[in-house]
Amino acid sequence: MGLCLFPGDEDVDGLDACFSYEGFARFRRRLALAEGFGLDEMVGFGGNRPWTDVSTDLEPLLNHPDDHSEDLSAEDCVAVLPQLEAILEQWSEEEPHDAGIERHVEDAQRLVAVLRICVSKNVALFFG
């Protein structure tokens with residue numbers, strides 16, 4: 001069982017970004033590190049640090065329950081997309097590649113493509 005993120009445009013054959021729950025957790029932890037903090041130290045992820053202590057455009061994606069949760073609004077997608085693209089570019093240029101970065105690059109590429117659809121069609125990002 002896993003998690004798929006997809007545009008809320010009712011295109012059943014459309015693009016999605018699917019993860020195992022553990023894979024999505026690893027991906028978000030790596031994104032948080034790229035933003036300069038540890039996800040595990042944050043409230044909601046086992047830590048005590050409030051989200052008001054960090055400033056990241058990725059907060060709607062990072063501070064979001066994995067399952068049975070609200071979708072990301074089209075406005076959240078607009079906010080998240082540029083920062084995710086910047087991190088993807090940074091990860092793609094890393095030399096030498098550390099263990100696991102290739103998987104994160106692939107995940108980020110798929111999620112960027114999905115978010116671009118959400119932004120272009122002005123639809124939410126669904127978690128299913």
# chains A, B, ... in the order shown; residues from 1 in each chain; ligands from 1
$ select_by_dssp --residues "stretch 89-128 of chain A" --states "helix (DSSP H, G or I)" --output "PyMOL selection string"
chain A and resi 89-93+101-121
$ write_last_selection --atoms "N, CA, C and O atoms" --output "mmCIF file, in the first residue's frame"
data_model
loop_
_atom_site.group_PDB
_atom_site.id
_atom_site.type_symbol
_atom_site.label_atom_id
_atom_site.label_comp_id
_atom_site.auth_asym_id
_atom_site.auth_seq_id
_atom_site.Cartn_x
_atom_site.Cartn_y
_atom_site.Cartn_z
ATOM 1 N N GLU A 89 16.863 20.920 -9.137
ATOM 2 C CA GLU A 89 18.049 21.349 -9.894
ATOM 3 C C GLU A 89 19.313 21.167 -9.062
ATOM 4 O O GLU A 89 20.327 20.663 -9.558
ATOM 5 N N GLN A 90 19.238 21.534 -7.805
ATOM 6 C CA GLN A 90 20.383 21.386 -6.899
ATOM 7 C C GLN A 90 20.770 19.919 -6.762
ATOM 8 O O GLN A 90 21.948 19.560 -6.857
ATOM 9 N N TRP A 91 19.789 19.045 -6.529
ATOM 10 C CA TRP A 91 20.061 17.620 -6.379
ATOM 11 C C TRP A 91 20.629 17.039 -7.663
ATOM 12 O O TRP A 91 21.510 16.179 -7.621
ATOM 13 N N SER A 92 20.138 17.481 -8.791
ATOM 14 C CA SER A 92 20.583 16.946 -10.080
ATOM 15 C C SER A 92 22.029 17.298 -10.370
ATOM 16 O O SER A 92 22.714 16.578 -11.097
ATOM 17 N N GLU A 93 22.491 18.398 -9.809
ATOM 18 C CA GLU A 93 23.858 18.858 -10.059
ATOM 19 C C GLU A 93 24.860 18.358 -9.038
ATOM 20 O O GLU A 93 26.057 18.591 -9.196
ATOM 21 N N ILE A 101 20.183 9.595 -3.613
ATOM 22 C CA ILE A 101 19.804 10.854 -4.254
ATOM 23 C C ILE A 101 19.131 10.614 -5.603
ATOM 24 O O ILE A 101 18.215 11.339 -5.974
ATOM 25 N N GLU A 102 19.555 9.576 -6.320
ATOM 26 C CA GLU A 102 18.940 9.314 -7.624
ATOM 27 C C GLU A 102 17.444 9.056 -7.478
ATOM 28 O O GLU A 102 16.637 9.543 -8.274
ATOM 29 N N ARG A 103 17.067 8.313 -6.456
ATOM 30 C CA ARG A 103 15.642 8.033 -6.222
ATOM 31 C C ARG A 103 14.894 9.316 -5.888
ATOM 32 O O ARG A 103 13.787 9.553 -6.368
ATOM 33 N N HIS A 104 15.496 10.164 -5.067
ATOM 34 C CA HIS A 104 14.865 11.437 -4.718
ATOM 35 C C HIS A 104 14.734 12.341 -5.941
ATOM 36 O O HIS A 104 13.734 13.050 -6.081
ATOM 37 N N VAL A 105 15.723 12.322 -6.816
ATOM 38 C CA VAL A 105 15.645 13.111 -8.045
ATOM 39 C C VAL A 105 14.476 12.622 -8.893
ATOM 40 O O VAL A 105 13.675 13.430 -9.387
ATOM 41 N N GLU A 106 14.343 11.323 -9.054
ATOM 42 C CA GLU A 106 13.224 10.769 -9.830
ATOM 43 C C GLU A 106 11.883 11.136 -9.203
ATOM 44 O O GLU A 106 10.944 11.523 -9.914
ATOM 45 N N ASP A 107 11.782 11.022 -7.884
ATOM 46 C CA ASP A 107 10.544 11.374 -7.185
ATOM 47 C C ASP A 107 10.220 12.854 -7.373
ATOM 48 O O ASP A 107 9.074 13.220 -7.638
ATOM 49 N N ALA A 108 11.236 13.701 -7.235
ATOM 50 C CA ALA A 108 11.030 15.140 -7.392
ATOM 51 C C ALA A 108 10.626 15.477 -8.824
ATOM 52 O O ALA A 108 9.762 16.335 -9.037
ATOM 53 N N GLN A 109 11.218 14.805 -9.813
ATOM 54 C CA GLN A 109 10.848 15.057 -11.212
ATOM 55 C C GLN A 109 9.372 14.735 -11.446
ATOM 56 O O GLN A 109 8.658 15.510 -12.096
ATOM 57 N N ARG A 110 8.918 13.604 -10.931
ATOM 58 C CA ARG A 110 7.508 13.230 -11.098
ATOM 59 C C ARG A 110 6.590 14.219 -10.383
ATOM 60 O O ARG A 110 5.569 14.639 -10.929
ATOM 61 N N LEU A 111 6.953 14.590 -9.155
ATOM 62 C CA LEU A 111 6.114 15.506 -8.407
ATOM 63 C C LEU A 111 6.101 16.890 -9.048
ATOM 64 O O LEU A 111 5.051 17.537 -9.097
ATOM 65 N N VAL A 112 7.210 17.356 -9.565
ATOM 66 C CA VAL A 112 7.245 18.633 -10.279
ATOM 67 C C VAL A 112 6.304 18.586 -11.481
ATOM 68 O O VAL A 112 5.534 19.523 -11.718
ATOM 69 N N ALA A 113 6.335 17.498 -12.236
ATOM 70 C CA ALA A 113 5.454 17.375 -13.399
ATOM 71 C C ALA A 113 3.981 17.422 -12.984
ATOM 72 O O ALA A 113 3.160 18.073 -13.635
ATOM 73 N N VAL A 114 3.646 16.750 -11.893
ATOM 74 C CA VAL A 114 2.268 16.757 -11.390
ATOM 75 C C VAL A 114 1.885 18.161 -10.927
ATOM 76 O O VAL A 114 0.798 18.660 -11.236
ATOM 77 N N LEU A 115 2.776 18.816 -10.191
ATOM 78 C CA LEU A 115 2.487 20.169 -9.706
ATOM 79 C C LEU A 115 2.330 21.154 -10.865
ATOM 80 O O LEU A 115 1.497 22.066 -10.788
ATOM 81 N N ARG A 116 3.090 20.986 -11.916
ATOM 82 C CA ARG A 116 2.937 21.867 -13.084
ATOM 83 C C ARG A 116 1.540 21.749 -13.681
ATOM 84 O O ARG A 116 0.956 22.742 -14.114
ATOM 85 N N ILE A 117 1.013 20.541 -13.712
ATOM 86 C CA ILE A 117 -0.356 20.346 -14.197
ATOM 87 C C ILE A 117 -1.341 21.040 -13.266
ATOM 88 O O ILE A 117 -2.261 21.738 -13.718
ATOM 89 N N CYS A 118 -1.149 20.863 -11.972
ATOM 90 C CA CYS A 118 -2.037 21.513 -10.990
ATOM 91 C C CYS A 118 -2.033 23.026 -11.183
ATOM 92 O O CYS A 118 -3.093 23.667 -11.167
ATOM 93 N N VAL A 119 -0.849 23.585 -11.358
ATOM 94 C CA VAL A 119 -0.731 25.038 -11.519
ATOM 95 C C VAL A 119 -1.358 25.481 -12.837
ATOM 96 O O VAL A 119 -2.131 26.443 -12.876
ATOM 97 N N SER A 120 -1.053 24.774 -13.913
ATOM 98 C CA SER A 120 -1.568 25.195 -15.223
ATOM 99 C C SER A 120 -3.084 25.071 -15.326
ATOM 100 O O SER A 120 -3.730 25.862 -16.001
ATOM 101 N N LYS A 121 -3.652 24.087 -14.639
ATOM 102 C CA LYS A 121 -5.107 23.877 -14.682
ATOM 103 C C LYS A 121 -5.816 24.501 -13.478
ATOM 104 O O LYS A 121 -7.040 24.405 -13.378
#
$ residues_around --residues "A:Phe6" --least-positions-apart "3" --cutoff "8 Å" --atoms "only C-alpha atoms" --output "PyMOL selection string"
chain A and resi 14-17+114+125-128
$ residues_around --residues "stretch 27-33 of chain A" --least-positions-apart "6" --cutoff "12 Å" --atoms "only C-alpha atoms" --output "PyMOL selection string"
chain A and resi 17-21+39-42+45+51+54-66+80+83-88+90-91+98-108+111
$ select_by_dssp --residues "chain A" --states "strand (DSSP E)" --output "count of residues only"
13
$ atom_distance --atom1 "atom CA of A:Glu10" --atom2 "atom CA of A:Val123"
9.8 Å
$ closest_residue --among "A:Gly23, A:Ala124, A:Gly2, A:Phe37" --to "A:Asp53" --atoms "only C-alpha atoms"
A:Phe37
$ residues_around --residues "A:Asn122" --least-positions-apart "6" --cutoff "10 Å" --atoms "only C-alpha atoms" --output "count of residues only"
10
$ decode --residues "stretch 45-64 of chain A" --atoms "N, CA, C and O atoms" --output "PDB file, in the first residue's frame"
ATOM      1  N   PHE A  45       5.972  15.496  13.729  1.00  0.00           N
ATOM      2  CA  PHE A  45       6.899  14.490  13.210  1.00  0.00           C
ATOM      3  C   PHE A  45       7.818  13.966  14.307  1.00  0.00           C
ATOM      4  O   PHE A  45       8.922  13.503  14.038  1.00  0.00           O
ATOM      5  N   GLY A  46       7.364  14.080  15.554  1.00  0.00           N
ATOM      6  CA  GLY A  46       8.104  13.545  16.681  1.00  0.00           C
ATOM      7  C   GLY A  46       8.906  14.564  17.458  1.00  0.00           C
ATOM      8  O   GLY A  46       9.445  14.255  18.515  1.00  0.00           O
ATOM      9  N   GLY A  47       8.999  15.784  16.947  1.00  0.00           N
ATOM     10  CA  GLY A  47       9.787  16.808  17.631  1.00  0.00           C
ATOM     11  C   GLY A  47       8.922  17.861  18.286  1.00  0.00           C
ATOM     12  O   GLY A  47       7.696  17.791  18.260  1.00  0.00           O
ATOM     13  N   ASN A  48       9.589  18.862  18.834  1.00  0.00           N
ATOM     14  CA  ASN A  48       8.898  19.937  19.549  1.00  0.00           C
ATOM     15  C   ASN A  48       9.013  21.285  18.852  1.00  0.00           C
ATOM     16  O   ASN A  48       8.456  22.268  19.339  1.00  0.00           O
ATOM     17  N   ARG A  49       9.749  21.344  17.770  1.00  0.00           N
ATOM     18  CA  ARG A  49       9.972  22.617  17.096  1.00  0.00           C
ATOM     19  C   ARG A  49       8.713  23.021  16.324  1.00  0.00           C
ATOM     20  O   ARG A  49       8.235  22.283  15.459  1.00  0.00           O
ATOM     21  N   PRO A  50       8.189  24.224  16.599  1.00  0.00           N
ATOM     22  CA  PRO A  50       6.985  24.652  15.885  1.00  0.00           C
ATOM     23  C   PRO A  50       7.307  25.080  14.453  1.00  0.00           C
ATOM     24  O   PRO A  50       8.414  25.534  14.150  1.00  0.00           O
ATOM     25  N   TRP A  51       6.327  24.933  13.584  1.00  0.00           N
ATOM     26  CA  TRP A  51       6.501  25.305  12.182  1.00  0.00           C
ATOM     27  C   TRP A  51       6.739  26.799  12.017  1.00  0.00           C
ATOM     28  O   TRP A  51       7.312  27.226  11.013  1.00  0.00           O
ATOM     29  N   THR A  52       6.343  27.589  12.990  1.00  0.00           N
ATOM     30  CA  THR A  52       6.594  29.025  12.920  1.00  0.00           C
ATOM     31  C   THR A  52       8.086  29.343  13.041  1.00  0.00           C
ATOM     32  O   THR A  52       8.496  30.461  12.730  1.00  0.00           O
ATOM     33  N   ASP A  53       8.894  28.370  13.465  1.00  0.00           N
ATOM     34  CA  ASP A  53      10.342  28.561  13.580  1.00  0.00           C
ATOM     35  C   ASP A  53      11.078  28.419  12.254  1.00  0.00           C
ATOM     36  O   ASP A  53      12.264  28.728  12.183  1.00  0.00           O
ATOM     37  N   VAL A  54      10.418  27.898  11.235  1.00  0.00           N
ATOM     38  CA  VAL A  54      11.088  27.710   9.946  1.00  0.00           C
ATOM     39  C   VAL A  54      10.338  28.493   8.869  1.00  0.00           C
ATOM     40  O   VAL A  54       9.136  28.729   8.980  1.00  0.00           O
ATOM     41  N   SER A  55      11.070  28.871   7.858  1.00  0.00           N
ATOM     42  CA  SER A  55      10.470  29.569   6.728  1.00  0.00           C
ATOM     43  C   SER A  55      10.799  28.789   5.468  1.00  0.00           C
ATOM     44  O   SER A  55      11.970  28.726   5.057  1.00  0.00           O
ATOM     45  N   THR A  56       9.781  28.167   4.906  1.00  0.00           N
ATOM     46  CA  THR A  56       9.968  27.413   3.669  1.00  0.00           C
ATOM     47  C   THR A  56       8.676  27.425   2.865  1.00  0.00           C
ATOM     48  O   THR A  56       7.584  27.255   3.425  1.00  0.00           O
ATOM     49  N   ASP A  57       8.815  27.623   1.571  1.00  0.00           N
ATOM     50  CA  ASP A  57       7.654  27.545   0.683  1.00  0.00           C
ATOM     51  C   ASP A  57       7.137  26.118   0.567  1.00  0.00           C
ATOM     52  O   ASP A  57       6.047  25.897   0.054  1.00  0.00           O
ATOM     53  N   LEU A  58       7.920  25.162   1.042  1.00  0.00           N
ATOM     54  CA  LEU A  58       7.508  23.761   0.984  1.00  0.00           C
ATOM     55  C   LEU A  58       6.633  23.349   2.166  1.00  0.00           C
ATOM     56  O   LEU A  58       6.182  22.199   2.222  1.00  0.00           O
ATOM     57  N   GLU A  59       6.357  24.255   3.088  1.00  0.00           N
ATOM     58  CA  GLU A  59       5.584  23.877   4.268  1.00  0.00           C
ATOM     59  C   GLU A  59       4.260  23.189   3.940  1.00  0.00           C
ATOM     60  O   GLU A  59       3.916  22.189   4.584  1.00  0.00           O
ATOM     61  N   PRO A  60       3.496  23.644   2.931  1.00  0.00           N
ATOM     62  CA  PRO A  60       2.239  22.933   2.654  1.00  0.00           C
ATOM     63  C   PRO A  60       2.442  21.449   2.326  1.00  0.00           C
ATOM     64  O   PRO A  60       1.593  20.620   2.648  1.00  0.00           O
ATOM     65  N   LEU A  61       3.556  21.110   1.723  1.00  0.00           N
ATOM     66  CA  LEU A  61       3.863  19.719   1.395  1.00  0.00           C
ATOM     67  C   LEU A  61       4.494  18.989   2.572  1.00  0.00           C
ATOM     68  O   LEU A  61       4.178  17.831   2.841  1.00  0.00           O
ATOM     69  N   LEU A  62       5.383  19.667   3.279  1.00  0.00           N
ATOM     70  CA  LEU A  62       6.109  19.021   4.374  1.00  0.00           C
ATOM     71  C   LEU A  62       5.238  18.854   5.619  1.00  0.00           C
ATOM     72  O   LEU A  62       5.289  17.815   6.270  1.00  0.00           O
ATOM     73  N   ASN A  63       4.463  19.845   5.949  1.00  0.00           N
ATOM     74  CA  ASN A  63       3.629  19.828   7.150  1.00  0.00           C
ATOM     75  C   ASN A  63       2.224  19.375   6.760  1.00  0.00           C
ATOM     76  O   ASN A  63       1.251  20.104   6.888  1.00  0.00           O
ATOM     77  N   HIS A  64       2.142  18.160   6.269  1.00  0.00           N
ATOM     78  CA  HIS A  64       0.898  17.632   5.720  1.00  0.00           C
ATOM     79  C   HIS A  64       0.782  16.158   6.075  1.00  0.00           C
ATOM     80  O   HIS A  64       1.726  15.402   5.846  1.00  0.00           O
TER      81      HIS A  64
END
